[in-house]
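Right, one structure below, let's go through it.
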Amino acid sequence: MTERPQKFLVIFDRDGTLITEKDYLSDPTEVELLPEVVPALQRLAQQGGVFAVASNQSGIGRGYFSTDDARAVNVRMQRLLGEQGIEIMHSYFCPHAPEDDCRCRKPKPFMLEKAMKDTGVEPLFSFMVGDKISDIEAGKNAGMRSILVQTGYGKKVDPGSAKADFIAVSMAAAAEWILDMIKKPG
Ligand SMILES: [Mg+2]
């Protein structure tokens, strides 16, 4: 009998983490997966990883683009990943501007908690990966471990100020760290 791998949840930020950061991206034809994302996510999925995306899209609240535009970008990204056999089970975004003081905008844990609920995965087996301090704080606020990836805005974040559980130079490094954590007994 082969042992089934432990199911775990990885919640990714979108811009600067899975796809190239282009301020207020609203055109699906401009979606570009970041290097290393495909092999890293394939590896995580093989080991039992399930995926969600949680993205702040304040461009909607600021009136720069519509909810449909944001959805079209997500659909395009999911199609590019899907062509590589990678499934994003849930994709959430917060449409509000910071001054709206909503309940969903990261660093609030709302979208991350929803991802855990929708996939049935506990915080102990959940990870947040993002390129901004607000991603790291959202992970902390949801009780899960957080990884700062040094792509997108992550290149500019002072690693010492991030309070991340791990600083990853790349998505490949983030995936390896997550797999180490999952394999550790207890
Ligand atoms: Mg980002």
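Each chain in the structure tokens gets a letter, A, B and so on, in the order shown; residues start at 1 in every chain, and ligands are counted from 1 in the order they appear.
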Show which residues sit within 9 Å of stretch 38-41 of chain A, as a PyMOL selection string. Count only C-alpha atoms, and ignore same-chain residues fewer than 2 positions away.
chain A and resi 33-36+43-46+49+51+81+84+86+171-176
Could you take the residues named above and write them with N, CA and C atoms, as a PDB file, in the first residue's frame?
ATOM      1  N   LEU A  33       3.449  34.428 -16.718  1.00  0.00           N
ATOM      2  CA  LEU A  33       3.857  33.654 -15.545  1.00  0.00           C
ATOM      3  C   LEU A  33       5.322  33.942 -15.243  1.00  0.00           C
ATOM      4  N   LEU A  34       5.639  34.071 -13.971  1.00  0.00           N
ATOM      5  CA  LEU A  34       7.038  34.295 -13.597  1.00  0.00           C
ATOM      6  C   LEU A  34       7.844  33.007 -13.800  1.00  0.00           C
ATOM      7  N   PRO A  35       9.134  33.155 -14.092  1.00  0.00           N
ATOM      8  CA  PRO A  35       9.968  31.969 -14.250  1.00  0.00           C
ATOM      9  C   PRO A  35       9.930  31.132 -12.971  1.00  0.00           C
ATOM     10  N   GLU A  36      10.019  29.854 -13.096  1.00  0.00           N
ATOM     11  CA  GLU A  36      10.073  28.915 -11.960  1.00  0.00           C
ATOM     12  C   GLU A  36       8.709  28.599 -11.371  1.00  0.00           C
ATOM     13  N   ARG A  43       5.714  20.563  -8.789  1.00  0.00           N
ATOM     14  CA  ARG A  43       6.361  19.777  -7.739  1.00  0.00           C
ATOM     15  C   ARG A  43       5.512  19.751  -6.461  1.00  0.00           C
ATOM     16  N   LEU A  44       4.989  20.911  -6.088  1.00  0.00           N
ATOM     17  CA  LEU A  44       4.134  20.979  -4.898  1.00  0.00           C
ATOM     18  C   LEU A  44       2.882  20.116  -5.080  1.00  0.00           C
ATOM     19  N   ALA A  45       2.285  20.184  -6.265  1.00  0.00           N
ATOM     20  CA  ALA A  45       1.056  19.424  -6.520  1.00  0.00           C
ATOM     21  C   ALA A  45       1.323  17.919  -6.442  1.00  0.00           C
ATOM     22  N   GLN A  46       2.464  17.501  -6.972  1.00  0.00           N
ATOM     23  CA  GLN A  46       2.829  16.068  -6.922  1.00  0.00           C
ATOM     24  C   GLN A  46       2.919  15.556  -5.496  1.00  0.00           C
ATOM     25  N   GLY A  49       0.046  19.160  -2.659  1.00  0.00           N
ATOM     26  CA  GLY A  49      -0.338  20.566  -2.533  1.00  0.00           C
ATOM     27  C   GLY A  49      -1.592  20.909  -3.323  1.00  0.00           C
ATOM     28  N   PHE A  51      -3.959  24.493  -4.342  1.00  0.00           N
ATOM     29  CA  PHE A  51      -3.608  25.906  -4.495  1.00  0.00           C
ATOM     30  C   PHE A  51      -4.814  26.837  -4.513  1.00  0.00           C
ATOM     31  N   LEU A  81      -1.678  28.312 -16.455  1.00  0.00           N
ATOM     32  CA  LEU A  81      -1.258  27.287 -15.488  1.00  0.00           C
ATOM     33  C   LEU A  81      -1.906  25.945 -15.827  1.00  0.00           C
ATOM     34  N   GLN A  84      -0.315  23.670 -18.142  1.00  0.00           N
ATOM     35  CA  GLN A  84       0.830  22.950 -17.577  1.00  0.00           C
ATOM     36  C   GLN A  84       0.384  21.940 -16.512  1.00  0.00           C
ATOM     37  N   ILE A  86      -1.590  22.513 -13.946  1.00  0.00           N
ATOM     38  CA  ILE A  86      -1.675  23.079 -12.588  1.00  0.00           C
ATOM     39  C   ILE A  86      -3.059  23.677 -12.373  1.00  0.00           C
ATOM     40  N   MET A 171      10.554  31.176  -6.486  1.00  0.00           N
ATOM     41  CA  MET A 171       9.448  30.257  -6.195  1.00  0.00           C
ATOM     42  C   MET A 171       9.958  28.839  -5.974  1.00  0.00           C
ATOM     43  N   ALA A 172      11.047  28.485  -6.660  1.00  0.00           N
ATOM     44  CA  ALA A 172      11.626  27.149  -6.455  1.00  0.00           C
ATOM     45  C   ALA A 172      12.059  26.984  -4.999  1.00  0.00           C
ATOM     46  N   ALA A 173      12.699  28.014  -4.445  1.00  0.00           N
ATOM     47  CA  ALA A 173      13.158  27.955  -3.056  1.00  0.00           C
ATOM     48  C   ALA A 173      11.967  27.912  -2.102  1.00  0.00           C
ATOM     49  N   ALA A 174      10.913  28.652  -2.429  1.00  0.00           N
ATOM     50  CA  ALA A 174       9.703  28.631  -1.595  1.00  0.00           C
ATOM     51  C   ALA A 174       9.113  27.220  -1.560  1.00  0.00           C
ATOM     52  N   ALA A 175       9.046  26.589  -2.723  1.00  0.00           N
ATOM     53  CA  ALA A 175       8.466  25.234  -2.809  1.00  0.00           C
ATOM     54  C   ALA A 175       9.288  24.246  -1.994  1.00  0.00           C
ATOM     55  N   GLU A 176      10.615  24.333  -2.101  1.00  0.00           N
ATOM     56  CA  GLU A 176      11.471  23.401  -1.351  1.00  0.00           C
ATOM     57  C   GLU A 176      11.269  23.565   0.146  1.00  0.00           C
TER      58      GLU A 176
END
Please identify the residues whose atoms come within 8 Å of ligand 1, using only C-alpha atoms and all ligand atoms, and report them as a list in words.
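So the residues close to ligand 1 are Asp13, Arg14, Asp15, Gly16, Thr17, Glu21, Ser55, Gly130, Asp131, Lys132, Asp135, Gly152 and Tyr153 of chain A.
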Near A:Glu99, counting only C-alpha atoms, which residues have an atom at most 10 Å away, once you skip same-chain residues fewer than 5 positions from it, shown as a PyMOL selection string?
chain A and resi 58+61-62
Write out the residues from the selection above, keeping N, CA and C atoms, as a PDB file, in the first residue's frame.
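File again_34.pdb, as written:
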ATOM      1  N   SER A  58      -7.160  46.646  -5.699  1.00  0.00           N
ATOM      2  CA  SER A  58      -7.735  47.954  -5.372  1.00  0.00           C
ATOM      3  C   SER A  58      -7.965  48.804  -6.614  1.00  0.00           C
ATOM      4  N   GLY A  61     -11.649  49.322  -6.851  1.00  0.00           N
ATOM      5  CA  GLY A  61     -12.172  50.340  -5.941  1.00  0.00           C
ATOM      6  C   GLY A  61     -11.748  51.752  -6.315  1.00  0.00           C
ATOM      7  N   ARG A  62     -10.586  51.843  -6.942  1.00  0.00           N
ATOM      8  CA  ARG A  62     -10.086  53.158  -7.368  1.00  0.00           C
ATOM      9  C   ARG A  62     -10.674  53.581  -8.713  1.00  0.00           C
TER      10      ARG A  62
END
Selected residue, from A:Leu25, A:Ile136, A:Met144, A:Ile11, that lies nearest to A:Tyr92 when counting only C-alpha atoms
A:Ile11
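Considering the residues A:Val31, A:Lys156, A:Arg145, A:Thr151 and counting only C-alpha atoms, A:Leu80 has its shortest atom-to-atom contact with A:Val31.
Shortest atom-to-atom contact with A:Trp177 among A:Gly160, A:Lys155, A:Ser146, A:Lys114: A:Ser146, counting only C-alpha atoms.
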Would you give me, as a ChimeraX atom specification, the residues in stretch 13-163 of chain A that DSSP reads as helix (DSSP H, G or I)?
/A:28-30,37-46,58-61,67-82,98-100,110-119,123-125,133-141,152-155,159-162
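Rounded to one decimal, atom CA of A:Asp69 and atom CA of A:Pro28 lie 7.8 Å from each other.
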Skipping near chain neighbours, those fewer than 3 positions away, what residues fall within 9 Å of stretch 88-91 of chain A using only C-alpha atoms, listed as a list in words?
Val50, Phe51, Ala52, Val53, Ala54, Ser55, Asn74, Gln78, Leu81, Gly82, Ala115, Asp118 and Thr119 of chain A
Could those residues be written to a file, using N, CA and C atoms, as a short mmCIF file (atom, residue, chain, number, x, y, z; two decimals), in the first residue's frame?
data_model
loop_
_atom_site.label_atom_id
_atom_site.label_comp_id
_atom_site.auth_asym_id
_atom_site.auth_seq_id
_atom_site.Cartn_x
_atom_site.Cartn_y
_atom_site.Cartn_z
N VAL A 50 -2.47 21.67 -2.70
CA VAL A 50 -3.60 22.28 -3.42
C VAL A 50 -3.42 23.79 -3.33
N PHE A 51 -3.96 24.49 -4.34
CA PHE A 51 -3.61 25.91 -4.50
C PHE A 51 -4.81 26.84 -4.51
N ALA A 52 -4.60 28.00 -3.93
CA ALA A 52 -5.57 29.10 -4.02
C ALA A 52 -4.79 30.38 -4.29
N VAL A 53 -5.49 31.38 -4.80
CA VAL A 53 -4.89 32.68 -5.03
C VAL A 53 -5.72 33.71 -4.27
N ALA A 54 -5.04 34.61 -3.56
CA ALA A 54 -5.70 35.68 -2.83
C ALA A 54 -5.02 37.00 -3.20
N SER A 55 -5.77 37.87 -3.85
CA SER A 55 -5.16 39.05 -4.44
C SER A 55 -5.92 40.32 -4.07
N ASN A 74 -7.49 36.83 -14.11
CA ASN A 74 -7.40 35.57 -13.36
C ASN A 74 -7.64 34.37 -14.27
N GLN A 78 -5.08 31.37 -14.97
CA GLN A 78 -5.46 29.98 -14.67
C GLN A 78 -5.38 29.11 -15.92
N LEU A 81 -1.68 28.31 -16.45
CA LEU A 81 -1.26 27.29 -15.49
C LEU A 81 -1.91 25.95 -15.83
N GLY A 82 -3.17 25.99 -16.22
CA GLY A 82 -3.89 24.77 -16.56
C GLY A 82 -3.25 24.02 -17.71
N ALA A 115 -10.05 30.39 2.02
CA ALA A 115 -9.34 29.33 1.29
C ALA A 115 -9.22 28.06 2.13
N ASP A 118 -12.68 26.51 2.35
CA ASP A 118 -13.13 25.92 1.07
C ASP A 118 -12.36 24.66 0.70
N THR A 119 -11.15 24.52 1.21
CA THR A 119 -10.35 23.32 0.89
C THR A 119 -10.31 22.34 2.06
#
Which residues are close to A:Pro107, i.e. within 9 Å by only C-alpha atoms, leaving aside same-chain residues fewer than 3 positions away? Reply as a PyMOL selection string.
chain A and resi 104+110+133-141
Go ahead and write the selection's residues with C-alpha atoms as a PDB file, in the first residue's frame.
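Done, and the output landed in again-v6.pdb:
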ATOM      1  CA  CYS A 104     -11.178  41.302   2.942  1.00  0.00           C
ATOM      2  CA  PHE A 110     -10.427  36.929   5.369  1.00  0.00           C
ATOM      3  CA  ILE A 133       4.637  42.655   3.785  1.00  0.00           C
ATOM      4  CA  SER A 134       0.826  42.673   3.655  1.00  0.00           C
ATOM      5  CA  ASP A 135       0.930  39.097   2.306  1.00  0.00           C
ATOM      6  CA  ILE A 136       3.171  38.000   5.161  1.00  0.00           C
ATOM      7  CA  GLU A 137       0.957  39.721   7.726  1.00  0.00           C
ATOM      8  CA  ALA A 138      -2.186  38.183   6.216  1.00  0.00           C
ATOM      9  CA  GLY A 139      -0.612  34.740   6.624  1.00  0.00           C
ATOM     10  CA  LYS A 140       0.305  35.496  10.234  1.00  0.00           C
ATOM     11  CA  ASN A 141      -3.192  36.825  10.915  1.00  0.00           C
TER      12      ASN A 141
END
